[in-house]
Structure formats: C-alpha cells, structure tokens
$ cat data_16.txt   # compact mmCIF, N, CA and C atoms and all ligand atoms
# COMPACT_ATOMS: atom_id res chain seq x y z
N MET A 154 -90.31 30.71 2.75
CA MET A 154 -90.91 31.72 1.88
C MET A 154 -92.17 32.27 2.54
N GLU A 155 -92.23 33.54 2.72
CA GLU A 155 -93.42 34.13 3.29
C GLU A 155 -93.81 35.36 2.49
N GLY A 156 -95.07 35.41 2.09
CA GLY A 156 -95.55 36.55 1.32
C GLY A 156 -95.01 36.52 -0.10
N SER A 157 -95.65 37.25 -0.97
CA SER A 157 -95.23 37.25 -2.36
C SER A 157 -94.44 38.49 -2.71
N THR A 158 -94.53 39.52 -1.91
CA THR A 158 -93.78 40.73 -2.21
C THR A 158 -92.60 40.85 -1.27
N ALA A 159 -91.44 40.62 -1.81
CA ALA A 159 -90.24 40.77 -1.02
C ALA A 159 -89.77 42.22 -1.13
N ALA A 160 -89.86 42.92 -0.07
CA ALA A 160 -89.41 44.30 -0.10
C ALA A 160 -88.67 44.62 1.17
N ALA A 161 -87.58 45.30 1.00
CA ALA A 161 -86.83 45.69 2.17
C ALA A 161 -87.47 46.91 2.80
N ILE A 162 -87.26 47.05 4.05
CA ILE A 162 -87.74 48.24 4.71
C ILE A 162 -86.82 49.39 4.33
N ILE A 163 -87.41 50.43 3.79
CA ILE A 163 -86.59 51.57 3.39
C ILE A 163 -86.32 52.43 4.61
N PRO A 164 -85.08 52.51 4.99
CA PRO A 164 -84.78 53.28 6.19
C PRO A 164 -84.94 54.77 5.95
N SER A 165 -85.31 55.48 6.94
CA SER A 165 -85.36 56.92 6.81
C SER A 165 -83.95 57.45 6.84
N THR A 166 -83.75 58.62 6.25
CA THR A 166 -82.39 59.17 6.20
C THR A 166 -81.94 59.66 7.57
N LYS A 167 -82.90 59.86 8.43
CA LYS A 167 -82.56 60.30 9.78
C LYS A 167 -81.77 59.19 10.49
N GLY A 168 -80.69 59.60 11.11
CA GLY A 168 -79.89 58.61 11.82
C GLY A 168 -79.25 57.60 10.88
N SER A 169 -78.97 58.06 9.66
CA SER A 169 -78.44 57.13 8.66
C SER A 169 -77.03 56.66 9.00
N LYS A 170 -76.41 57.32 9.94
CA LYS A 170 -75.07 56.89 10.33
C LYS A 170 -75.09 55.51 10.98
N GLN A 171 -76.24 55.16 11.49
CA GLN A 171 -76.33 53.86 12.14
C GLN A 171 -76.62 52.73 11.17
N LEU A 172 -76.94 53.11 9.96
CA LEU A 172 -77.32 52.08 9.00
C LEU A 172 -76.12 51.24 8.61
N ARG A 173 -76.42 50.01 8.21
CA ARG A 173 -75.35 49.12 7.79
C ARG A 173 -75.68 48.56 6.41
N ALA A 174 -74.62 48.28 5.67
CA ALA A 174 -74.81 47.71 4.34
C ALA A 174 -74.36 46.26 4.34
N CYS A 175 -75.12 45.44 3.70
CA CYS A 175 -74.78 44.03 3.57
C CYS A 175 -73.52 43.90 2.72
N LEU A 176 -72.57 43.13 3.19
CA LEU A 176 -71.29 43.00 2.47
C LEU A 176 -71.43 42.23 1.17
N LEU A 177 -72.49 41.51 1.04
CA LEU A 177 -72.66 40.69 -0.15
C LEU A 177 -73.46 41.40 -1.24
N CYS A 178 -74.59 41.96 -0.86
CA CYS A 178 -75.45 42.55 -1.90
C CYS A 178 -75.54 44.07 -1.77
N SER A 179 -74.95 44.64 -0.73
CA SER A 179 -74.93 46.09 -0.53
C SER A 179 -76.26 46.69 -0.10
N LEU A 180 -77.20 45.87 0.23
CA LEU A 180 -78.47 46.40 0.72
C LEU A 180 -78.25 47.13 2.03
N ILE A 181 -78.88 48.30 2.14
CA ILE A 181 -78.73 49.09 3.35
C ILE A 181 -79.96 48.93 4.22
N GLN A 182 -79.71 48.60 5.45
CA GLN A 182 -80.80 48.47 6.42
C GLN A 182 -80.30 48.92 7.79
N HIS A 183 -81.25 49.08 8.65
CA HIS A 183 -80.90 49.33 10.04
C HIS A 183 -80.42 48.00 10.64
N PRO A 184 -79.38 48.08 11.48
CA PRO A 184 -78.86 46.84 12.06
C PRO A 184 -79.93 46.00 12.76
N LEU A 185 -80.89 46.68 13.35
CA LEU A 185 -81.94 45.91 14.02
C LEU A 185 -82.78 45.11 13.04
N ASP A 186 -82.93 45.67 11.85
CA ASP A 186 -83.69 44.95 10.83
C ASP A 186 -82.91 43.76 10.31
N PHE A 187 -81.60 43.97 10.17
CA PHE A 187 -80.77 42.83 9.76
C PHE A 187 -80.88 41.72 10.79
N ARG A 188 -80.91 42.11 12.04
CA ARG A 188 -80.96 41.10 13.08
C ARG A 188 -82.32 40.44 13.15
N LYS A 189 -83.33 41.22 12.91
CA LYS A 189 -84.68 40.71 13.02
C LYS A 189 -85.08 39.87 11.81
N TYR A 190 -84.72 40.37 10.63
CA TYR A 190 -85.19 39.70 9.41
C TYR A 190 -84.06 39.09 8.59
N GLY A 191 -82.83 39.40 8.93
CA GLY A 191 -81.73 38.98 8.08
C GLY A 191 -81.69 39.83 6.84
N CYS A 192 -80.82 39.49 5.91
CA CYS A 192 -80.79 40.21 4.64
C CYS A 192 -81.79 39.53 3.70
N PRO A 193 -82.72 40.31 3.15
CA PRO A 193 -83.74 39.71 2.29
C PRO A 193 -83.15 39.07 1.03
N ASN A 194 -81.96 39.47 0.65
CA ASN A 194 -81.33 38.89 -0.54
C ASN A 194 -80.47 37.67 -0.21
N CYS A 195 -79.72 37.77 0.86
CA CYS A 195 -78.72 36.72 1.07
C CYS A 195 -78.78 36.05 2.43
N GLU A 196 -79.91 36.10 3.06
CA GLU A 196 -80.01 35.46 4.37
C GLU A 196 -79.64 33.98 4.32
N GLU A 197 -79.93 33.38 3.20
CA GLU A 197 -79.65 31.95 3.06
C GLU A 197 -78.19 31.62 3.34
N VAL A 198 -77.29 32.48 2.90
CA VAL A 198 -75.89 32.20 3.16
C VAL A 198 -75.33 33.03 4.31
N MET A 199 -75.94 34.17 4.57
CA MET A 199 -75.40 35.04 5.62
C MET A 199 -75.86 34.63 7.02
N GLN A 200 -77.09 34.19 7.11
CA GLN A 200 -77.64 33.74 8.39
C GLN A 200 -77.46 34.74 9.52
N MET A 201 -77.98 35.91 9.29
CA MET A 201 -77.85 36.98 10.28
C MET A 201 -79.01 37.03 11.24
N LYS A 202 -80.09 36.38 10.87
CA LYS A 202 -81.29 36.46 11.68
C LYS A 202 -81.03 36.05 13.12
N ASN A 203 -81.46 36.91 14.01
CA ASN A 203 -81.32 36.66 15.45
C ASN A 203 -79.88 36.56 15.93
N SER A 204 -78.95 37.04 15.13
CA SER A 204 -77.57 36.99 15.58
C SER A 204 -76.87 38.33 15.36
N GLY A 205 -76.73 39.04 16.44
CA GLY A 205 -76.05 40.32 16.38
C GLY A 205 -74.61 40.18 15.91
N ASP A 206 -73.99 39.07 16.28
CA ASP A 206 -72.61 38.83 15.88
C ASP A 206 -72.49 38.68 14.37
N ARG A 207 -73.42 37.92 13.81
CA ARG A 207 -73.40 37.72 12.37
C ARG A 207 -73.64 39.04 11.64
N VAL A 208 -74.55 39.84 12.18
CA VAL A 208 -74.82 41.13 11.57
C VAL A 208 -73.55 41.97 11.55
N THR A 209 -72.81 41.89 12.65
CA THR A 209 -71.58 42.67 12.74
C THR A 209 -70.55 42.25 11.70
N VAL A 210 -70.42 40.96 11.47
CA VAL A 210 -69.40 40.50 10.52
C VAL A 210 -69.89 40.50 9.07
N CYS A 211 -71.18 40.44 8.88
CA CYS A 211 -71.71 40.35 7.52
C CYS A 211 -72.15 41.68 6.94
N THR A 212 -72.18 42.71 7.78
CA THR A 212 -72.56 44.03 7.29
C THR A 212 -71.53 45.04 7.76
N THR A 213 -71.57 46.21 7.18
CA THR A 213 -70.60 47.22 7.56
C THR A 213 -71.22 48.61 7.56
N THR A 214 -70.64 49.48 8.34
CA THR A 214 -71.07 50.88 8.30
C THR A 214 -70.23 51.65 7.30
N HIS A 215 -69.20 50.99 6.75
CA HIS A 215 -68.32 51.67 5.80
C HIS A 215 -68.84 51.48 4.38
N PHE A 216 -69.73 52.35 4.00
CA PHE A 216 -70.21 52.29 2.62
C PHE A 216 -70.37 53.70 2.08
N ASP A 217 -70.28 53.80 0.77
CA ASP A 217 -70.41 55.10 0.12
C ASP A 217 -71.54 55.08 -0.89
N GLY A 218 -72.21 56.19 -0.95
CA GLY A 218 -73.21 56.35 -2.00
C GLY A 218 -74.42 55.49 -1.74
N VAL A 219 -75.56 56.06 -1.96
CA VAL A 219 -76.78 55.30 -1.75
C VAL A 219 -77.62 55.40 -3.01
N ILE A 220 -78.00 54.27 -3.51
CA ILE A 220 -78.90 54.27 -4.65
C ILE A 220 -80.17 53.56 -4.23
N SER A 221 -81.30 53.98 -4.75
CA SER A 221 -82.46 53.19 -4.42
C SER A 221 -82.93 52.42 -5.62
N VAL A 222 -83.17 51.18 -5.39
CA VAL A 222 -83.64 50.31 -6.44
C VAL A 222 -85.14 50.15 -6.25
N ILE A 223 -85.87 50.91 -7.05
CA ILE A 223 -87.32 50.89 -6.90
C ILE A 223 -87.90 49.70 -7.65
N ASP A 224 -87.41 49.53 -8.87
CA ASP A 224 -87.88 48.40 -9.66
C ASP A 224 -86.68 47.57 -10.10
N PRO A 225 -86.39 46.55 -9.34
CA PRO A 225 -85.17 45.78 -9.61
C PRO A 225 -85.17 45.15 -11.00
N GLU A 226 -86.33 44.98 -11.59
CA GLU A 226 -86.38 44.34 -12.89
C GLU A 226 -85.94 45.29 -14.00
N LYS A 227 -86.26 46.56 -13.82
CA LYS A 227 -86.05 47.48 -14.93
C LYS A 227 -84.95 48.50 -14.71
N SER A 228 -84.65 48.76 -13.49
CA SER A 228 -83.71 49.83 -13.20
C SER A 228 -82.34 49.61 -13.83
N TRP A 229 -81.80 50.67 -14.43
CA TRP A 229 -80.45 50.57 -14.99
C TRP A 229 -79.45 50.31 -13.89
N VAL A 230 -79.75 50.86 -12.74
CA VAL A 230 -78.86 50.64 -11.61
C VAL A 230 -78.81 49.16 -11.27
N ALA A 231 -79.96 48.56 -11.31
CA ALA A 231 -80.03 47.13 -11.02
C ALA A 231 -79.20 46.35 -12.02
N LYS A 232 -79.25 46.78 -13.27
CA LYS A 232 -78.47 46.08 -14.28
C LYS A 232 -76.99 46.25 -14.03
N TRP A 233 -76.65 47.47 -13.71
CA TRP A 233 -75.26 47.77 -13.48
C TRP A 233 -74.74 47.03 -12.25
N GLN A 234 -75.58 46.93 -11.26
CA GLN A 234 -75.19 46.23 -10.04
C GLN A 234 -75.43 44.73 -10.15
N ARG A 235 -76.00 44.32 -11.25
CA ARG A 235 -76.39 42.93 -11.43
C ARG A 235 -77.26 42.44 -10.29
N THR A 236 -78.23 43.25 -9.99
CA THR A 236 -79.08 42.91 -8.85
C THR A 236 -80.51 42.65 -9.31
N SER A 237 -80.65 42.14 -10.51
CA SER A 237 -82.01 42.01 -11.05
C SER A 237 -82.91 41.15 -10.17
N LYS A 238 -82.30 40.28 -9.38
CA LYS A 238 -83.13 39.42 -8.55
C LYS A 238 -83.28 39.97 -7.14
N TYR A 239 -82.69 41.12 -6.89
CA TYR A 239 -82.70 41.64 -5.54
C TYR A 239 -84.00 42.36 -5.21
N VAL A 240 -84.28 42.44 -3.94
CA VAL A 240 -85.46 43.14 -3.50
C VAL A 240 -85.26 44.64 -3.70
N ARG A 241 -86.37 45.34 -3.78
CA ARG A 241 -86.24 46.79 -3.87
C ARG A 241 -85.84 47.34 -2.52
N GLY A 242 -85.16 48.43 -2.56
CA GLY A 242 -84.70 48.99 -1.31
C GLY A 242 -83.57 49.97 -1.58
N MET A 243 -82.76 50.22 -0.58
CA MET A 243 -81.63 51.11 -0.73
C MET A 243 -80.35 50.30 -0.76
N TYR A 244 -79.50 50.65 -1.70
CA TYR A 244 -78.25 49.92 -1.82
C TYR A 244 -77.07 50.88 -1.81
N ALA A 245 -75.98 50.42 -1.27
CA ALA A 245 -74.76 51.22 -1.29
C ALA A 245 -74.05 51.00 -2.62
N ILE A 246 -73.45 52.04 -3.13
CA ILE A 246 -72.71 51.92 -4.38
C ILE A 246 -71.39 51.19 -4.13
N ARG A 247 -70.77 51.54 -3.04
CA ARG A 247 -69.52 50.87 -2.71
C ARG A 247 -69.52 50.47 -1.24
N VAL A 248 -69.09 49.27 -1.00
CA VAL A 248 -69.07 48.76 0.36
C VAL A 248 -67.66 48.32 0.68
N ARG A 249 -67.19 48.72 1.81
CA ARG A 249 -65.85 48.32 2.21
C ARG A 249 -65.92 47.15 3.17
N GLY A 250 -65.11 46.18 2.94
CA GLY A 250 -65.11 45.03 3.82
C GLY A 250 -65.27 43.77 3.02
N ARG A 251 -65.19 42.68 3.69
CA ARG A 251 -65.23 41.38 3.03
C ARG A 251 -66.14 40.44 3.80
N ILE A 252 -66.84 39.63 3.06
CA ILE A 252 -67.72 38.68 3.72
C ILE A 252 -66.88 37.66 4.48
N PRO A 253 -67.43 37.10 5.55
CA PRO A 253 -66.70 36.08 6.31
C PRO A 253 -66.39 34.87 5.43
N GLU A 254 -65.33 34.16 5.80
CA GLU A 254 -64.90 33.02 4.99
C GLU A 254 -65.98 31.96 4.84
N ASP A 255 -66.71 31.72 5.91
CA ASP A 255 -67.72 30.66 5.82
C ASP A 255 -68.79 31.01 4.79
N VAL A 256 -69.06 32.30 4.68
CA VAL A 256 -70.05 32.73 3.68
C VAL A 256 -69.47 32.54 2.27
N GLU A 257 -68.20 32.86 2.15
CA GLU A 257 -67.55 32.68 0.85
C GLU A 257 -67.59 31.21 0.44
N HIS A 258 -67.37 30.34 1.41
CA HIS A 258 -67.42 28.90 1.13
C HIS A 258 -68.83 28.48 0.76
N ALA A 259 -69.79 29.02 1.50
CA ALA A 259 -71.18 28.68 1.22
C ALA A 259 -71.56 29.08 -0.20
N LEU A 260 -71.06 30.23 -0.62
CA LEU A 260 -71.32 30.69 -1.98
C LEU A 260 -70.64 29.78 -2.98
N ASP A 261 -69.43 29.44 -2.64
CA ASP A 261 -68.64 28.56 -3.49
C ASP A 261 -69.37 27.25 -3.73
N ASN A 262 -69.92 26.72 -2.65
CA ASN A 262 -70.67 25.47 -2.74
C ASN A 262 -71.88 25.58 -3.65
N ARG A 263 -72.37 26.80 -3.77
CA ARG A 263 -73.52 27.02 -4.65
C ARG A 263 -73.08 27.45 -6.04
N GLY A 264 -71.79 27.45 -6.24
CA GLY A 264 -71.28 27.82 -7.56
C GLY A 264 -71.36 29.30 -7.85
N ILE A 265 -71.42 30.09 -6.78
CA ILE A 265 -71.47 31.53 -6.95
C ILE A 265 -70.10 32.11 -6.64
N ARG A 266 -69.61 32.92 -7.54
CA ARG A 266 -68.32 33.52 -7.29
C ARG A 266 -68.49 34.89 -6.66
N TYR A 267 -67.89 35.04 -5.53
CA TYR A 267 -67.99 36.29 -4.79
C TYR A 267 -67.14 37.36 -5.45
N ARG A 268 -67.76 38.51 -5.67
CA ARG A 268 -67.02 39.64 -6.22
C ARG A 268 -66.90 40.71 -5.16
N PRO A 269 -65.76 40.82 -4.55
CA PRO A 269 -65.62 41.83 -3.51
C PRO A 269 -65.85 43.22 -4.09
N ARG A 270 -66.52 44.03 -3.31
CA ARG A 270 -66.82 45.38 -3.79
C ARG A 270 -65.71 46.36 -3.46
N ASP A 271 -64.76 45.91 -2.69
CA ASP A 271 -63.75 46.86 -2.23
C ASP A 271 -62.38 46.56 -2.80
N GLN A 272 -62.36 45.87 -3.93
CA GLN A 272 -61.07 45.41 -4.43
C GLN A 272 -60.13 46.53 -4.83
N ASN A 273 -60.66 47.71 -5.04
CA ASN A 273 -59.79 48.81 -5.44
C ASN A 273 -59.31 49.64 -4.24
N GLU A 274 -59.69 49.18 -3.09
CA GLU A 274 -59.34 49.98 -1.92
C GLU A 274 -58.38 49.25 -1.00
N GLN A 275 -57.49 50.00 -0.46
CA GLN A 275 -56.59 49.44 0.55
C GLN A 275 -56.96 50.04 1.89
N GLU A 276 -57.10 49.18 2.83
CA GLU A 276 -57.44 49.71 4.16
C GLU A 276 -56.22 50.32 4.80
ZN ZN B 301 -77.37 40.92 1.40
$ encode --input "data_16.txt" --output "structure tokens"
Amino acid sequence: MEGSTAAAIIPSTKGSKQLRACLLCSLIQHPLDFRKYGCPNCEEVMQMKNSGDRVTVCTTTHFDGVISVIDPEKSWVAKWQRTSKYVRGMYAIRVRGRIPEDVEHALDNRGIRYRPRDQNEQE
C-alpha cells in the first residue's frame, strides 16, 4: 500500500489506439503504465507489474466505449459497472477477451466469481 489516494493515470485521447483495457476491471491505461504500475484495481491477481507478457494476456486493445469514473463512490456508472471500489479513471464499457486461467483460479480462490464482459460476443 502506498499513498492514500489511489488514482489511475488518465490517458490523453491522443494515440488512444495504443491504449489497453484491463480484462478484469476494464480500466483503460497505456500499456507502459500497466507494465510499470500494474492495474491499480486488480494487480493482486493480475500481476502485470514489470511483465510485458502479463500485460499482453491480461489486457486488450479490443474494447468499446469509454466512460470516465470520476467519483467511484457516487457515479451511476460505477454502480452499473459495480466498480464502487475501483479507482477513478477511464473504463471501457465493453471489453473483448478473457482473463488468463491462472487469474480466474486466483479469483476463485478468493471467492470471487469472474463475470466475462464479452459473453454476448462471438469471435
Ligand atoms: Zn484491472
């Protein structure tokens, strides 16, 4: 735990094609930030820090819609996304892809049920 304010770096819209969304919480960040800091919401299970490979499998460039969660406690979006505990930042509305199996197991071990965001889509 470091610092009391957990906030994601809000990426600029410039070069947004390079941005990646976390497959678990849909947070959008620059891949370099994922690699440098991990995902501020799910680093505990994703373990992307310092691993480009993990970033590649745990995040995706295939996401639609961007919402910004300014106040995760109050935002209706946060409620709808069930992200009340998430850091403020930019989130994708829909993310295509699936978290790696080991992450799913890690969540399982914590009693968290993974809800894929792409269940209505066929690749
Ligand atoms: Zn995440």
$ residues_around --input "data_16.txt" --residues "Cys192 of chain A" --least-positions-apart "6" --cutoff "6.5 Å" --atoms "all atoms listed in the file" --output "number ranges by chain"
A: 186, 201-202
$ closest_residue --input "data_16.txt" --among "A:Ile252, A:Ser204, A:Leu172, A:Val222" --to "ligand ZN 301 (chain B)" --atoms "only C-alpha atoms and all ligand atoms"
A:Ile252
$ residues_near_ligand --input "data_16.txt" --ligand "ligand ZN 301 (chain B)" --cutoff "6 Å" --atoms "all atoms listed in the file" --output "JSON list (two decimals) with N, CA and C atoms, in the frame of the given file"
[["chain", "number", "residue", "atom", "x", "y", "z"],
["A", 175, "CYS", "N", -75.12, 45.44, 3.70],
["A", 175, "CYS", "CA", -74.78, 44.03, 3.57],
["A", 175, "CYS", "C", -73.52, 43.90, 2.72],
["A", 176, "LEU", "N", -72.57, 43.13, 3.19],
["A", 176, "LEU", "CA", -71.29, 43.00, 2.47],
["A", 176, "LEU", "C", -71.43, 42.23, 1.17],
["A", 177, "LEU", "N", -72.49, 41.51, 1.04],
["A", 177, "LEU", "CA", -72.66, 40.69, -0.15],
["A", 177, "LEU", "C", -73.46, 41.40, -1.24],
["A", 178, "CYS", "N", -74.59, 41.96, -0.86],
["A", 178, "CYS", "CA", -75.45, 42.55, -1.90],
["A", 178, "CYS", "C", -75.54, 44.07, -1.77],
["A", 179, "SER", "N", -74.95, 44.64, -0.73],
["A", 179, "SER", "CA", -74.93, 46.09, -0.53],
["A", 179, "SER", "C", -76.26, 46.69, -0.10],
["A", 180, "LEU", "N", -77.20, 45.87, 0.23],
["A", 180, "LEU", "CA", -78.47, 46.40, 0.72],
["A", 180, "LEU", "C", -78.25, 47.13, 2.03],
["A", 192, "CYS", "N", -80.82, 39.49, 5.91],
["A", 192, "CYS", "CA", -80.79, 40.21, 4.64],
["A", 192, "CYS", "C", -81.79, 39.53, 3.70],
["A", 193, "PRO", "N", -82.72, 40.31, 3.15],
["A", 193, "PRO", "CA", -83.74, 39.71, 2.29],
["A", 193, "PRO", "C", -83.15, 39.07, 1.03],
["A", 194, "ASN", "N", -81.96, 39.47, 0.65],
["A", 194, "ASN", "CA", -81.33, 38.89, -0.54],
["A", 194, "ASN", "C", -80.47, 37.67, -0.21],
["A", 195, "CYS", "N", -79.72, 37.77, 0.86],
["A", 195, "CYS", "CA", -78.72, 36.72, 1.07],
["A", 195, "CYS", "C", -78.78, 36.05, 2.43],
["A", 196, "GLU", "N", -79.91, 36.10, 3.06],
["A", 196, "GLU", "CA", -80.01, 35.46, 4.37],
["A", 196, "GLU", "C", -79.64, 33.98, 4.32]]
$ atom_distance --input "data_16.txt" --atom1 "atom CA of Arg241 of chain A" --atom2 "atom CA of Ile223 of chain A"
5.2 Å
$ atom_distance --input "data_16.txt" --atom1 "atom N of Arg188 of chain A" --atom2 "atom N of Gly205 of chain A"
6.8 Å
$ decode --input "data_16.txt" --residues "segment 168-228 of chain A" --atoms "C-alpha atoms" --output "tab-separated table (two decimals), in the first residue's frame"
chain	number	residue	atom	x	y	z
A	168	GLY	CA	-2.82	7.99	-29.52
A	169	SER	CA	-5.71	6.25	-27.85
A	170	LYS	CA	-5.37	3.37	-30.26
A	171	GLN	CA	-2.44	2.20	-28.24
A	172	LEU	CA	-4.36	2.11	-25.02
A	173	ARG	CA	-5.30	-1.17	-23.45
A	174	ALA	CA	-8.16	-2.16	-21.21
A	175	CYS	CA	-7.80	-4.47	-18.26
A	176	LEU	CA	-9.73	-7.67	-18.95
A	177	LEU	CA	-10.91	-7.87	-15.39
A	178	CYS	CA	-12.00	-4.38	-14.41
A	179	SER	CA	-11.98	-2.63	-17.81
A	180	LEU	CA	-9.69	0.14	-16.66
A	181	ILE	CA	-8.03	1.80	-19.61
A	182	GLN	CA	-4.38	2.68	-19.42
A	183	HIS	CA	-1.37	2.95	-21.59
A	184	PRO	CA	0.41	-0.40	-21.84
A	185	LEU	CA	3.52	1.15	-20.39
A	186	ASP	CA	1.58	2.17	-17.32
A	187	PHE	CA	0.19	-1.31	-16.93
A	188	ARG	CA	3.70	-2.60	-17.08
A	189	LYS	CA	5.09	-0.02	-14.75
A	190	TYR	CA	2.35	0.07	-12.14
A	191	GLY	CA	0.15	-2.90	-12.92
A	192	CYS	CA	-3.60	-2.48	-12.76
A	193	PRO	CA	-4.49	-0.33	-9.75
A	194	ASN	CA	-7.63	-2.41	-9.22
A	195	CYS	CA	-6.51	-5.94	-9.82
A	196	GLU	CA	-2.77	-6.10	-9.70
A	197	GLU	CA	-3.05	-8.50	-6.82
A	198	VAL	CA	-4.38	-11.21	-9.09
A	199	MET	CA	-3.18	-9.99	-12.47
A	200	GLN	CA	0.46	-9.40	-11.57
A	201	MET	CA	1.28	-7.34	-14.60
A	202	LYS	CA	3.91	-5.20	-12.98
A	203	ASN	CA	7.21	-5.42	-14.80
A	204	SER	CA	5.89	-8.06	-17.14
A	205	GLY	CA	5.10	-7.15	-20.69
A	206	ASP	CA	3.85	-10.67	-21.27
A	207	ARG	CA	1.33	-10.44	-18.48
A	208	VAL	CA	0.16	-7.09	-19.77
A	209	THR	CA	-0.40	-8.67	-23.15
A	210	VAL	CA	-2.54	-11.50	-21.81
A	211	CYS	CA	-4.33	-9.56	-19.10
A	212	THR	CA	-5.29	-6.52	-21.14
A	213	THR	CA	-6.66	-5.97	-24.59
A	214	THR	CA	-6.88	-3.34	-27.26
A	215	HIS	CA	-10.31	-4.67	-28.20
A	216	PHE	CA	-12.64	-2.52	-26.19
A	217	ASP	CA	-15.60	-0.32	-26.95
A	218	GLY	CA	-16.83	2.82	-25.37
A	219	VAL	CA	-15.04	4.83	-22.79
A	220	ILE	CA	-16.56	6.06	-19.61
A	221	SER	CA	-14.77	8.03	-17.01
A	222	VAL	CA	-15.33	7.28	-13.41
A	223	ILE	CA	-14.58	10.49	-11.62
A	224	ASP	CA	-16.12	9.58	-8.32
A	225	PRO	CA	-16.29	5.83	-7.95
A	226	GLU	CA	-18.37	6.14	-4.80
A	227	LYS	CA	-21.20	8.11	-6.30
A	228	SER	CA	-21.17	7.69	-10.01
